[in-house]
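This is start-v1.cif. It holds mmCIF, C-alpha atoms.
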data_coords
loop_
_atom_site.label_atom_id
_atom_site.label_comp_id
_atom_site.auth_asym_id
_atom_site.auth_seq_id
_atom_site.Cartn_x
_atom_site.Cartn_y
_atom_site.Cartn_z
CA MET T 1 -61.35 -28.12 8.39
CA THR T 2 -61.16 -24.40 9.18
CA ARG T 3 -63.94 -22.18 10.36
CA ALA T 4 -65.46 -19.39 8.30
CA LEU T 5 -63.86 -15.95 8.20
CA THR T 6 -65.66 -13.37 10.39
CA LEU T 7 -65.53 -9.63 10.82
CA ASP T 8 -63.79 -10.03 14.16
CA ASP T 9 -61.00 -11.95 12.46
CA LEU T 10 -60.47 -9.15 9.99
CA ILE T 11 -60.50 -6.52 12.76
CA LEU T 12 -57.96 -8.45 14.83
CA ALA T 13 -55.75 -9.03 11.80
CA GLY T 14 -55.92 -5.33 10.91
CA VAL T 15 -55.07 -4.34 14.49
CA ALA T 16 -52.07 -6.72 14.52
CA LEU T 17 -50.80 -5.43 11.21
CA ALA T 18 -51.31 -1.80 12.26
CA ALA T 19 -49.52 -2.48 15.54
CA GLY T 20 -46.55 -3.87 13.61
CA LEU T 21 -46.43 -0.80 11.36
CA LEU T 22 -46.74 1.57 14.33
CA ALA T 23 -43.98 -0.29 16.20
CA ALA T 24 -41.76 -0.07 13.11
CA PHE T 25 -42.34 3.70 12.89
CA VAL T 26 -41.63 4.30 16.60
CA LEU T 27 -38.56 2.09 16.58
CA ARG T 28 -37.21 3.90 13.54
CA LEU T 29 -37.57 7.24 15.36
CA VAL T 30 -35.80 5.84 18.40
CA LEU T 31 -32.99 4.43 16.30
CA ARG T 32 -32.64 7.74 14.46
CA TRP T 33 -32.11 9.42 17.82
CA LEU T 34 -29.56 6.77 18.75
CA GLY T 35 -27.79 7.43 15.44
CA LYS T 36 -27.38 11.10 16.35
CA GLN T 37 -25.94 10.09 19.70
CA ALA T 38 -23.56 7.68 17.99
CA ASP T 39 -22.32 10.46 15.69
CA ARG T 40 -20.95 12.26 18.73
CA THR T 41 -18.64 9.42 19.70
CA ARG T 42 -15.16 8.91 18.28
CA TRP T 43 -15.64 5.21 17.61
CA GLY T 44 -17.17 4.48 14.21
CA GLY T 45 -18.41 1.01 15.11
CA ASP T 46 -21.51 2.28 16.94
CA ASP T 47 -22.55 4.20 13.81
CA VAL T 48 -22.37 0.98 11.80
CA ILE T 49 -24.37 -1.00 14.35
CA VAL T 50 -27.11 1.63 14.69
CA ALA T 51 -27.38 1.92 10.89
CA ALA T 52 -27.86 -1.85 10.65
CA LEU T 53 -30.49 -1.84 13.42
CA ARG T 54 -32.39 0.90 11.60
CA THR T 55 -32.74 -1.55 8.72
CA VAL T 56 -33.47 -4.75 10.64
CA VAL T 57 -35.66 -3.67 13.59
CA PRO T 58 -38.46 -1.90 11.63
CA TRP T 59 -38.69 -4.80 9.20
CA ALA T 60 -38.76 -7.25 12.10
CA ALA T 61 -41.68 -5.32 13.61
CA ILE T 62 -43.55 -5.40 10.29
CA VAL T 63 -42.90 -9.13 9.86
CA GLY T 64 -44.06 -9.74 13.44
CA GLY T 65 -47.28 -7.81 12.82
CA ALA T 66 -47.92 -9.73 9.59
CA ALA T 67 -47.27 -13.05 11.35
CA SER T 68 -49.69 -12.10 14.15
CA ALA T 69 -52.32 -11.09 11.60
CA ALA T 70 -51.93 -14.42 9.80
CA ALA T 71 -52.21 -16.26 13.11
CA VAL T 72 -55.63 -14.81 13.98
CA LEU T 73 -57.08 -15.54 10.54
CA PRO T 74 -58.72 -18.93 9.92
CA LEU T 75 -56.15 -20.12 7.39
CA THR T 76 -55.60 -23.71 6.38
CA ARG T 77 -52.50 -25.47 7.67
CA THR T 78 -50.86 -25.35 4.27
CA VAL T 79 -51.50 -21.65 3.75
CA GLN T 80 -50.37 -20.90 7.30
CA HIS T 81 -47.16 -22.85 6.74
CA HIS T 82 -46.38 -21.08 3.48
CA THR T 83 -47.17 -17.69 5.02
CA ASN T 84 -44.89 -18.26 7.98
CA GLN T 85 -42.19 -19.59 5.68
CA THR T 86 -42.42 -16.55 3.41
CA LEU T 87 -42.24 -14.15 6.35
CA THR T 88 -39.27 -16.05 7.78
CA VAL T 89 -37.43 -15.92 4.46
CA LEU T 90 -38.12 -12.19 4.25
CA LEU T 91 -36.74 -11.65 7.74
CA ILE T 92 -33.65 -13.77 7.00
CA PHE T 93 -33.10 -11.79 3.81
CA VAL T 94 -33.25 -8.47 5.68
CA VAL T 95 -31.00 -9.73 8.47
CA THR T 96 -28.49 -11.08 5.94
CA LEU T 97 -28.29 -7.75 4.10
CA ALA T 98 -27.91 -5.89 7.38
CA ALA T 99 -25.24 -8.31 8.61
CA ALA T 100 -23.33 -8.01 5.34
CA ARG T 101 -23.47 -4.23 5.66
CA VAL T 102 -22.31 -4.31 9.28
CA VAL T 103 -19.40 -6.65 8.61
CA ALA T 104 -18.32 -4.75 5.49
CA ASP T 105 -18.44 -1.38 7.27
CA LEU T 106 -16.54 -2.74 10.27
CA VAL T 107 -13.85 -4.17 7.98
CA ARG T 108 -13.66 -0.84 6.16
CA SER T 109 -13.34 1.10 9.44
CA VAL T 110 -10.58 -1.23 10.64
CA ALA T 111 -8.77 -0.90 7.31
CA GLN T 112 -9.05 2.88 7.39
CA ALA T 113 -7.60 2.91 10.90
CA ARG T 114 -4.43 1.28 9.53
CA SER T 115 -2.32 3.74 7.58
CA GLY T 116 -1.93 2.93 3.90
CA VAL T 117 -4.54 0.16 3.74
CA ALA T 118 -7.56 2.45 3.37
CA ALA T 119 -6.98 2.94 -0.34
CA SER T 120 -7.18 -0.82 -0.91
CA ALA T 121 -9.80 -1.82 1.67
CA THR T 122 -12.24 -2.82 -1.10
CA ILE T 123 -10.61 -6.22 -1.49
CA PHE T 124 -11.41 -7.11 2.13
CA VAL T 125 -14.85 -5.50 2.11
CA ASN T 126 -16.00 -7.40 -0.98
CA ILE T 127 -14.74 -10.74 0.29
CA THR T 128 -16.48 -10.42 3.66
CA ARG T 129 -19.71 -9.19 2.05
CA VAL T 130 -19.82 -12.15 -0.35
CA MET T 131 -19.16 -14.60 2.48
CA VAL T 132 -22.02 -13.23 4.62
CA LEU T 133 -24.44 -13.19 1.66
CA ALA T 134 -23.51 -16.78 0.76
CA LEU T 135 -24.13 -17.87 4.36
CA GLY T 136 -27.53 -16.16 4.38
CA PHE T 137 -28.43 -17.85 1.10
CA LEU T 138 -27.66 -21.27 2.58
CA VAL T 139 -29.80 -20.48 5.63
CA VAL T 140 -32.71 -19.52 3.36
CA LEU T 141 -32.41 -22.80 1.48
CA GLN T 142 -32.38 -24.75 4.74
CA THR T 143 -35.46 -22.83 5.91
CA LEU T 144 -37.31 -23.72 2.74
CA GLY T 145 -36.58 -27.39 3.37
CA ILE T 146 -33.99 -27.71 0.63
CA SER T 147 -31.05 -29.86 1.68
CA ILE T 148 -27.78 -28.02 1.23
CA ALA T 149 -25.55 -31.09 1.64
CA PRO T 150 -25.67 -32.07 -2.07
CA MET T 151 -25.13 -28.44 -2.98
CA LEU T 152 -22.06 -28.21 -0.74
CA THR T 153 -20.70 -31.37 -2.32
CA ALA T 154 -21.31 -30.01 -5.80
CA LEU T 155 -19.76 -26.70 -4.82
CA GLY T 156 -16.70 -28.54 -3.53
CA VAL T 157 -16.20 -30.41 -6.79
CA GLY T 158 -17.05 -27.37 -8.88
CA GLY T 159 -14.84 -25.18 -6.72
CA LEU T 160 -11.90 -27.48 -7.37
CA ALA T 161 -12.46 -27.22 -11.10
CA VAL T 162 -12.82 -23.45 -10.91
CA ALA T 163 -9.69 -23.20 -8.74
CA LEU T 164 -7.69 -25.15 -11.34
CA ALA T 165 -9.01 -22.99 -14.15
CA LEU T 166 -8.46 -19.72 -12.28
CA GLN T 167 -5.31 -20.59 -10.37
CA ASP T 168 -3.43 -17.53 -11.62
CA THR T 169 -6.30 -15.23 -10.69
CA LEU T 170 -6.71 -16.86 -7.27
CA ALA T 171 -2.95 -16.71 -6.72
CA ASN T 172 -3.02 -12.97 -7.38
CA LEU T 173 -6.05 -12.58 -5.11
CA PHE T 174 -4.48 -14.31 -2.12
CA ALA T 175 -1.15 -12.66 -2.79
CA GLY T 176 -2.87 -9.27 -2.62
CA ILE T 177 -4.55 -10.23 0.66
CA HIS T 178 -1.21 -11.39 2.06
CA ILE T 179 0.57 -8.21 0.98
CA LEU T 180 -2.02 -5.95 2.60
CA ALA T 181 -2.39 -8.05 5.75
CA SER T 182 1.37 -8.31 6.33
CA LYS T 183 1.85 -4.57 5.61
CA THR T 184 5.09 -5.26 3.73
CA VAL T 185 3.87 -2.93 0.99
CA GLN T 186 1.24 -0.22 1.30
CA PRO T 187 -0.04 2.48 -1.05
CA GLY T 188 2.32 5.42 -0.88
CA ASP T 189 5.49 3.36 -0.41
CA TYR T 190 8.41 3.72 -2.78
CA ILE T 191 9.65 0.27 -3.83
CA ARG T 192 12.24 -1.19 -6.18
CA LEU T 193 11.95 -4.72 -7.59
CA SER T 194 14.83 -7.01 -8.48
CA SER T 195 13.62 -6.87 -12.09
CA GLY T 196 14.30 -3.12 -12.17
CA GLU T 197 10.83 -1.59 -11.80
CA GLU T 198 10.56 1.09 -9.15
CA GLY T 199 8.18 3.84 -8.10
CA TYR T 200 5.39 4.79 -5.71
CA VAL T 201 2.68 2.21 -5.01
CA THR T 202 -0.63 3.87 -5.87
CA ASP T 203 -3.06 0.94 -5.51
CA ILE T 204 -3.24 -2.72 -4.52
CA ASN T 205 -6.46 -4.38 -5.69
CA TRP T 206 -7.64 -8.00 -5.92
CA ARG T 207 -5.48 -8.80 -8.96
CA GLN T 208 -2.62 -6.35 -9.46
CA THR T 209 -0.49 -3.64 -7.93
CA THR T 210 -0.07 -0.29 -9.65
CA ILE T 211 3.24 1.59 -9.39
CA ARG T 212 3.82 5.16 -10.57
CA ASN T 213 7.46 5.75 -11.42
CA LEU T 214 9.25 9.10 -11.27
CA SER T 215 8.55 9.77 -14.95
CA ASN T 216 4.82 9.67 -14.05
CA ASN T 217 4.14 6.42 -15.91
CA LEU T 218 2.15 3.54 -14.44
CA VAL T 219 3.65 0.06 -14.09
CA ILE T 220 1.12 -2.76 -13.56
CA ILE T 221 2.48 -5.80 -11.68
CA PRO T 222 0.42 -8.94 -10.83
CA ASN T 223 0.22 -9.52 -7.09
CA GLY T 224 1.65 -13.02 -7.43
CA GLN T 225 4.76 -11.68 -9.15
CA LEU T 226 5.12 -8.92 -6.57
CA ALA T 227 4.88 -11.38 -3.68
CA GLY T 228 7.44 -13.73 -5.23
CA THR T 229 10.18 -11.27 -6.17
CA ASN T 230 12.97 -9.61 -4.22
CA MET T 231 11.94 -6.10 -3.34
CA THR T 232 13.38 -3.07 -1.53
CA ASN T 233 10.88 -0.86 0.28
CA PHE T 234 12.41 2.56 0.87
CA ASN T 235 9.60 3.55 3.27
CA ARG T 236 10.07 0.64 5.70
CA PRO T 237 10.86 0.55 8.53
CA GLU T 238 11.31 4.34 8.32
CA GLN T 239 10.64 6.82 5.56
CA GLU T 240 13.82 8.79 6.23
CA LEU T 241 16.98 7.35 4.67
CA THR T 242 20.61 8.22 4.09
CA ILE T 243 22.38 8.64 0.77
CA MET T 244 26.10 8.69 -0.04
CA VAL T 245 27.89 11.10 -2.36
CA GLN T 246 31.41 10.29 -3.54
CA ALA T 247 34.02 13.08 -3.79
CA GLY T 248 37.78 13.59 -3.79
CA VAL T 249 40.46 16.22 -3.17
CA GLY T 250 44.11 16.61 -4.14
CA TYR T 251 46.98 15.09 -2.19
CA ASP T 252 48.22 18.54 -1.19
CA SER T 253 44.92 19.36 0.60
CA ASP T 254 44.63 19.70 4.38
CA LEU T 255 42.23 16.86 5.17
CA GLU T 256 41.15 18.36 8.51
CA HIS T 257 40.22 21.55 6.70
CA VAL T 258 38.45 19.58 3.96
CA GLU T 259 36.43 17.64 6.53
CA ARG T 260 35.42 20.76 8.43
CA VAL T 261 34.36 22.67 5.30
CA THR T 262 32.42 19.68 3.94
CA GLU T 263 30.54 19.22 7.21
CA GLU T 264 29.59 22.91 7.19
CA VAL T 265 28.16 22.52 3.69
CA VAL T 266 26.24 19.41 4.76
CA THR T 267 24.73 21.26 7.73
CA GLU T 268 23.76 24.16 5.48
CA VAL T 269 22.04 21.87 2.98
CA MET T 270 20.25 19.86 5.70
CA THR T 271 18.74 23.01 7.24
CA GLU T 272 17.88 24.99 4.11
CA ILE T 273 16.75 22.50 1.46
CA THR T 274 13.21 21.12 1.47
CA GLY T 275 13.11 17.38 1.95
CA ALA T 276 16.35 17.14 3.95
CA VAL T 277 16.60 15.96 7.56
CA PRO T 278 17.49 19.03 9.67
CA ASP T 279 18.79 17.03 12.65
CA HIS T 280 21.03 14.81 10.48
CA GLU T 281 24.58 14.65 11.84
CA PRO T 282 27.14 15.44 9.10
CA ALA T 283 29.45 12.53 8.28
CA VAL T 284 32.57 12.61 6.06
CA ARG T 285 34.61 9.41 5.67
CA PHE T 286 37.93 9.27 3.78
CA HIS T 287 38.49 5.85 2.26
CA THR T 288 40.77 5.70 -0.81
CA PHE T 289 44.20 6.84 -2.02
CA GLY T 290 43.34 7.19 -5.68
CA ASP T 291 45.52 7.77 -8.75
CA SER T 292 45.25 11.55 -8.49
CA ARG T 293 43.21 12.31 -5.38
CA ILE T 294 42.08 11.11 -1.97
CA GLY T 295 38.52 9.83 -2.17
CA PHE T 296 35.90 10.22 0.54
CA THR T 297 32.17 9.66 1.08
CA VAL T 298 29.68 12.24 2.32
CA ILE T 299 26.54 10.88 4.01
CA LEU T 300 23.37 12.97 3.68
CA GLY T 301 19.91 12.52 5.24
CA VAL T 302 16.74 12.76 3.11
CA GLY T 303 13.09 12.70 4.10
CA GLU T 304 12.02 10.28 1.36
CA PHE T 305 13.45 8.55 -1.69
CA SER T 306 12.55 11.13 -4.34
CA ASP T 307 14.11 13.99 -2.33
CA GLN T 308 17.62 12.64 -2.84
CA TYR T 309 17.97 14.04 -6.37
CA ARG T 310 17.25 17.62 -5.33
CA ILE T 311 19.47 17.34 -2.25
CA LYS T 312 22.38 15.86 -4.21
CA HIS T 313 21.99 18.63 -6.78
CA GLU T 314 22.15 21.41 -4.19
CA PHE T 315 24.92 19.76 -2.18
CA ILE T 316 27.26 19.33 -5.18
CA LYS T 317 26.71 22.94 -6.31
CA ARG T 318 27.34 24.38 -2.86
CA LEU T 319 30.32 22.12 -2.15
CA HIS T 320 31.98 23.04 -5.44
CA ARG T 321 31.44 26.76 -4.78
CA ARG T 322 32.76 26.48 -1.23
CA TYR T 323 35.84 24.50 -2.30
CA ARG T 324 36.71 27.17 -4.84
CA ALA T 325 36.32 29.87 -2.19
CA GLU T 326 38.51 27.93 0.26
CA GLY T 327 41.17 27.08 -2.32
CA ILE T 328 40.56 23.32 -2.11
CA SER T 329 41.35 21.62 -5.40
CA ILE T 330 39.38 18.78 -6.95
CA PRO T 331 41.87 17.34 -9.44
CA ALA T 332 40.80 15.64 -12.62
CA PRO T 333 42.07 12.09 -13.31
CA ALA T 334 45.60 12.20 -14.76
CA ARG T 335 47.86 9.69 -16.57
CA THR T 336 51.57 9.85 -17.45
CA VAL T 337 52.26 8.85 -21.06
CA THR T 338 55.86 8.02 -22.19
CA LEU T 339 56.72 7.86 -25.92
CA ARG T 340 59.85 6.03 -27.15
CA ARG T 341 61.11 5.16 -30.65
CA ASN T 342 63.00 1.98 -31.53
CA GLN T 343 66.33 2.55 -33.32
CA VAL T 344 66.74 -0.93 -34.82
CA GLY T 345 63.17 -1.76 -35.77
CA ILE T 346 62.85 -4.82 -33.47
CA PRO T 347 60.15 -4.71 -30.76
CA GLN T 348 61.68 -4.59 -27.31
CA GLN T 349 60.41 -4.45 -23.75
CA ARG T 350 61.93 -1.53 -21.84
CA ASP T 351 60.76 -0.08 -18.54
CA GLY T 352 57.44 -1.91 -18.71
CA ALA T 353 56.61 -0.58 -22.19
CA GLU T 354 56.58 -2.58 -25.45
CA GLU T 355 58.27 -0.72 -28.29
CA THR T 356 57.67 -1.23 -32.00
CA ASP T 357 59.36 0.00 -35.17
CA GLY T 358 60.10 3.64 -35.79
CA SER T 359 56.79 4.34 -37.46
CA VAL T 360 54.59 3.39 -34.45
CA PRO T 361 55.30 4.95 -31.02
CA ALA T 362 55.04 2.77 -27.91
CA VAL T 363 52.75 4.01 -25.13
CA ARG T 364 53.22 3.27 -21.45
CA LEU T 365 50.64 4.15 -18.79
CA ASP T 366 52.09 4.82 -15.32
#

So that I can check it, write out the structure of this file as C-alpha cells.
Amino acid sequence: MTRALTLDDLILAGVALAAGLLAAFVLRLVLRWLGKQADRTRWGGDDVIVAALRTVVPWAAIVGGAASAAAVLPLTRTVQHHTNQTLTVLLIFVVTLAAARVVADLVRSVAQARSGVAASATIFVNITRVMVLALGFLVVLQTLGISIAPMLTALGVGGLAVALALQDTLANLFAGIHILASKTVQPGDYIRLSSGEEGYVTDINWRQTTIRNLSNNLVIIPNGQLAGTNMTNFNRPEQELTIMVQAGVGYDSDLEHVERVTEEVVTEVMTEITGAVPDHEPAVRFHTFGDSRIGFTVILGVGEFSDQYRIKHEFIKRLHRRYRAEGISIPAPARTVTLRRNQVGIPQQRDGAEETDGSVPAVRLD
C-alpha cells in the first residue's frame, strides 16, 4: 500500500523534471560548440559522432529527469514498473535511431573516401541502417518481456521462404555488393561485356547496373548477369591505354624514311590533340609482306577509351598529308587478271587457269 501524495512530492518531482530539462538544454549548447570545433577538422567521423550525441544526450537527460520524478512520487509498484519500462523503451528508441544514423553516416563517409563508390554508397547505407534498426527493435521486445526466440525461429523459416521466392533479387543484391566491394567496376569506368554491350558505368544500385553507351543510350544490366559474364574494363588498372592503327606503303619505299616520318606524325598528334598522352613514345612496327604493300602497325597512346576515335581521325589525316608531301606512296590492292580463249572448245587447265569454250573467258588471279 502506498502513501498519499503530498505537496512535497509534487515539488520534488517538478524539481527533478526541471533539472532534467535544464541539463538537456545545457548539454545541447555544449554539444553545439563541440560540433563547431569538429567542423574545423579534416576527419568527417567526429562530425557524425557529435551529431549523434546531440540527439541522444539531451533525450537521455530528459528521460533521467522523468525517471527521478517518478521515483519520488508515491506510485504503486505496477505503475512504477510500467513508467520505468516506458522510459527505457523511449531511451532505447532514441539510441537506436542515433546509432543507425552514426553507422550510416560513417559508411557513407568511408564510401565517399573511395573513388567511384560514392555514387552508389546508398546500397551500403541502407543495409547497415536496416540492420541497426532491426537490432534495436529486438532489444525493445526483450525489454518489454517479450521472448524473441520464437520470433527468430519464425524469421528463420520465413526468411528461407522469402529467399527462395526472391532468389533473383537477392542474387542481384549480393552481386552488387560484391562488385562495389571488390572495386572491379565503379561508376565512371568504360566496360565491354562478352555479349557486346559497352559504355560508361553511370550507376550501380541494389538491383542493376546502368551503362551509358557512346550513342548516349542507357543499357540496364542486372547485377547478377554483370558479375557472371566476361568483361573488359578499359579503366583498370590504368585509364590510359594504347591503340593500334594498321597502315602500309609500297615496296619501293625507303622503310627507314617511312618509320622516321611516321614517328614524327605520332609525336605531333600526341602533343597537339586533346585526349592523347603527350609522353607516349612513338612505335612503328613492320610486320607483313602483303600482295601490294608492306604492312606495319602504329601504336598510339590515348587518355581514355572514347578519345581513340578522335585521335585515330587526326592521325590518319595528318599521316596521309605528310606521306603525300614526302612522296611516300600508299598503293591500293592490285590483282593481275589473265584472259585466254580456247580454240577447240574443250575445257583445259593451263598455267593454273581453267579455260572454257570460246564464248566464256577464263580468269586467273595471280

Within 8 Å of Ile191 of chain T using all atoms listed in the file, minus same-chain residues under 2 positions, as a PyMOL selection string
chain T and resi 189+193+198-201+231-235

Option closest in space to Asn84 of chain T, from T:Asn223, T:Ser195, T:Thr143, T:Thr274 [counting all atoms listed in the file]:
T:Thr143

Distance atom CA of Thr267 of chain T-atom CA of Val298 of chain T, one decimal place?
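Between atom CA of Thr267 of chain T and atom CA of Val298 of chain T the gap works out to 11.6 Å.
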
Across T:Leu17, T:Met244, T:Pro150, T:Val56, the smallest distance to Gln308 of chain T, with only C-alpha atoms counted, is shown by T:Met244

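The residue that comes closest to Val89 of chain T, out of T:Ser292, T:Val132, T:Asp254, T:Leu138 and on the basis of only C-alpha atoms, is T:Leu138.
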
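Shortest separation to Ala247 of chain T among T:Leu319, T:Val219, T:Val185, T:Val261 occurs at residue T:Leu319, atoms counted being all atoms listed in the file.
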
Rounded to one decimal in Å, what is the spacing between atom CA of Trp206 of chain T and atom CA of Pro237 of chain T?
25.0 Å

For a quick check of understanding, using only C-alpha atoms, which of T:His287, T:Arg318, T:Arg236, T:Arg101 has the smallest distance to Met270 of chain T?
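Residue with the minimum atom-to-atom distance to Met270 of chain T: T:Arg318.
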
Atom CA of Asp47 of chain T to atom CA of Val102 of chain T, straight-line distance in Å
9.6 Å

Do a neighbour search on Gly176 of chain T at 12 Å with all atoms listed in the file, toss out local chain neighbours closer than 5 positions, and write the hits as an MDAnalysis selection string.
chainID T and resid 117 120:124 169:171 181:186 203:210 221:228

Using all atoms listed in the file, which residues sit within 9 Å of Leu91 of chain T once same-chain residues fewer than 2 positions away are excluded, as a list in words?
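In the requested form, the answer reads Val56, Trp59, Ala60, Val63, Thr86, Leu87, Thr88, Val89, Phe93, Val94, Val95 and Thr96 of chain T.
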
Could you state which residues are captured by the PyMOL selection byres ((chain T and resi 301) around 12) in this file, as a ChimeraX atom specification?
/T:239-245,266-267,269-271,273-283,298-300,302-305,307-309,311-312,315

Emit the selected residues as a tab-separated table (two decimals), in the coordinates of the input, including C-alpha atoms.
chain	number	residue	atom	x	y	z
T	239	GLN	CA	10.64	6.82	5.56
T	240	GLU	CA	13.82	8.79	6.23
T	241	LEU	CA	16.98	7.35	4.67
T	242	THR	CA	20.61	8.22	4.09
T	243	ILE	CA	22.38	8.64	0.77
T	244	MET	CA	26.10	8.69	-0.04
T	245	VAL	CA	27.89	11.10	-2.36
T	266	VAL	CA	26.24	19.41	4.76
T	267	THR	CA	24.73	21.26	7.73
T	269	VAL	CA	22.04	21.87	2.98
T	270	MET	CA	20.25	19.86	5.70
T	271	THR	CA	18.74	23.01	7.24
T	273	ILE	CA	16.75	22.50	1.46
T	274	THR	CA	13.21	21.12	1.47
T	275	GLY	CA	13.11	17.38	1.95
T	276	ALA	CA	16.35	17.14	3.95
T	277	VAL	CA	16.60	15.96	7.56
T	278	PRO	CA	17.49	19.03	9.67
T	279	ASP	CA	18.79	17.03	12.65
T	280	HIS	CA	21.03	14.81	10.48
T	281	GLU	CA	24.58	14.65	11.84
T	282	PRO	CA	27.14	15.44	9.10
T	283	ALA	CA	29.45	12.53	8.28
T	298	VAL	CA	29.68	12.24	2.32
T	299	ILE	CA	26.54	10.88	4.01
T	300	LEU	CA	23.37	12.97	3.68
T	302	VAL	CA	16.74	12.76	3.11
T	303	GLY	CA	13.09	12.70	4.10
T	304	GLU	CA	12.02	10.28	1.36
T	305	PHE	CA	13.45	8.55	-1.69
T	307	ASP	CA	14.11	13.99	-2.33
T	308	GLN	CA	17.62	12.64	-2.84
T	309	TYR	CA	17.97	14.04	-6.37
T	311	ILE	CA	19.47	17.34	-2.25
T	312	LYS	CA	22.38	15.86	-4.21
T	315	PHE	CA	24.92	19.76	-2.18

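Once the PyMOL selection byres ((chain T and resi 248) around 8) is applied to the depicted file, the selected set reads Gln246, Ala247, Val249, Gly250, Arg293, Ile294, Gly295, Phe296, Ile330 and Pro331 of chain T.
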
Nearest candidate to Ser253 of chain T (options T:Pro58, T:Gly35, T:Gly327, T:Gly65; using all atoms listed in the file):
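Selected residue with least distance to Ser253 of chain T: T:Gly327.
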
Contact residues around Ala16 of chain T with all atoms listed in the file at 8 Å, ignoring same-chain residues under 3 positions, as number ranges by chain:
T: 12-13, 19-20, 65-66, 68-69

Quick one: everything within 10 Å of Glu326 of chain T, counting all atoms listed in the file, minus sequence neighbours fewer than 3 positions away in the same chain. Send it as a tab-separated table (two decimals) with C-alpha atoms, in the frame of the given file.
chain	number	residue	atom	x	y	z
T	257	HIS	CA	40.22	21.55	6.70
T	258	VAL	CA	38.45	19.58	3.96
T	261	VAL	CA	34.36	22.67	5.30
T	320	HIS	CA	31.98	23.04	-5.44
T	321	ARG	CA	31.44	26.76	-4.78
T	322	ARG	CA	32.76	26.48	-1.23
T	323	TYR	CA	35.84	24.50	-2.30
T	329	SER	CA	41.35	21.62	-5.40
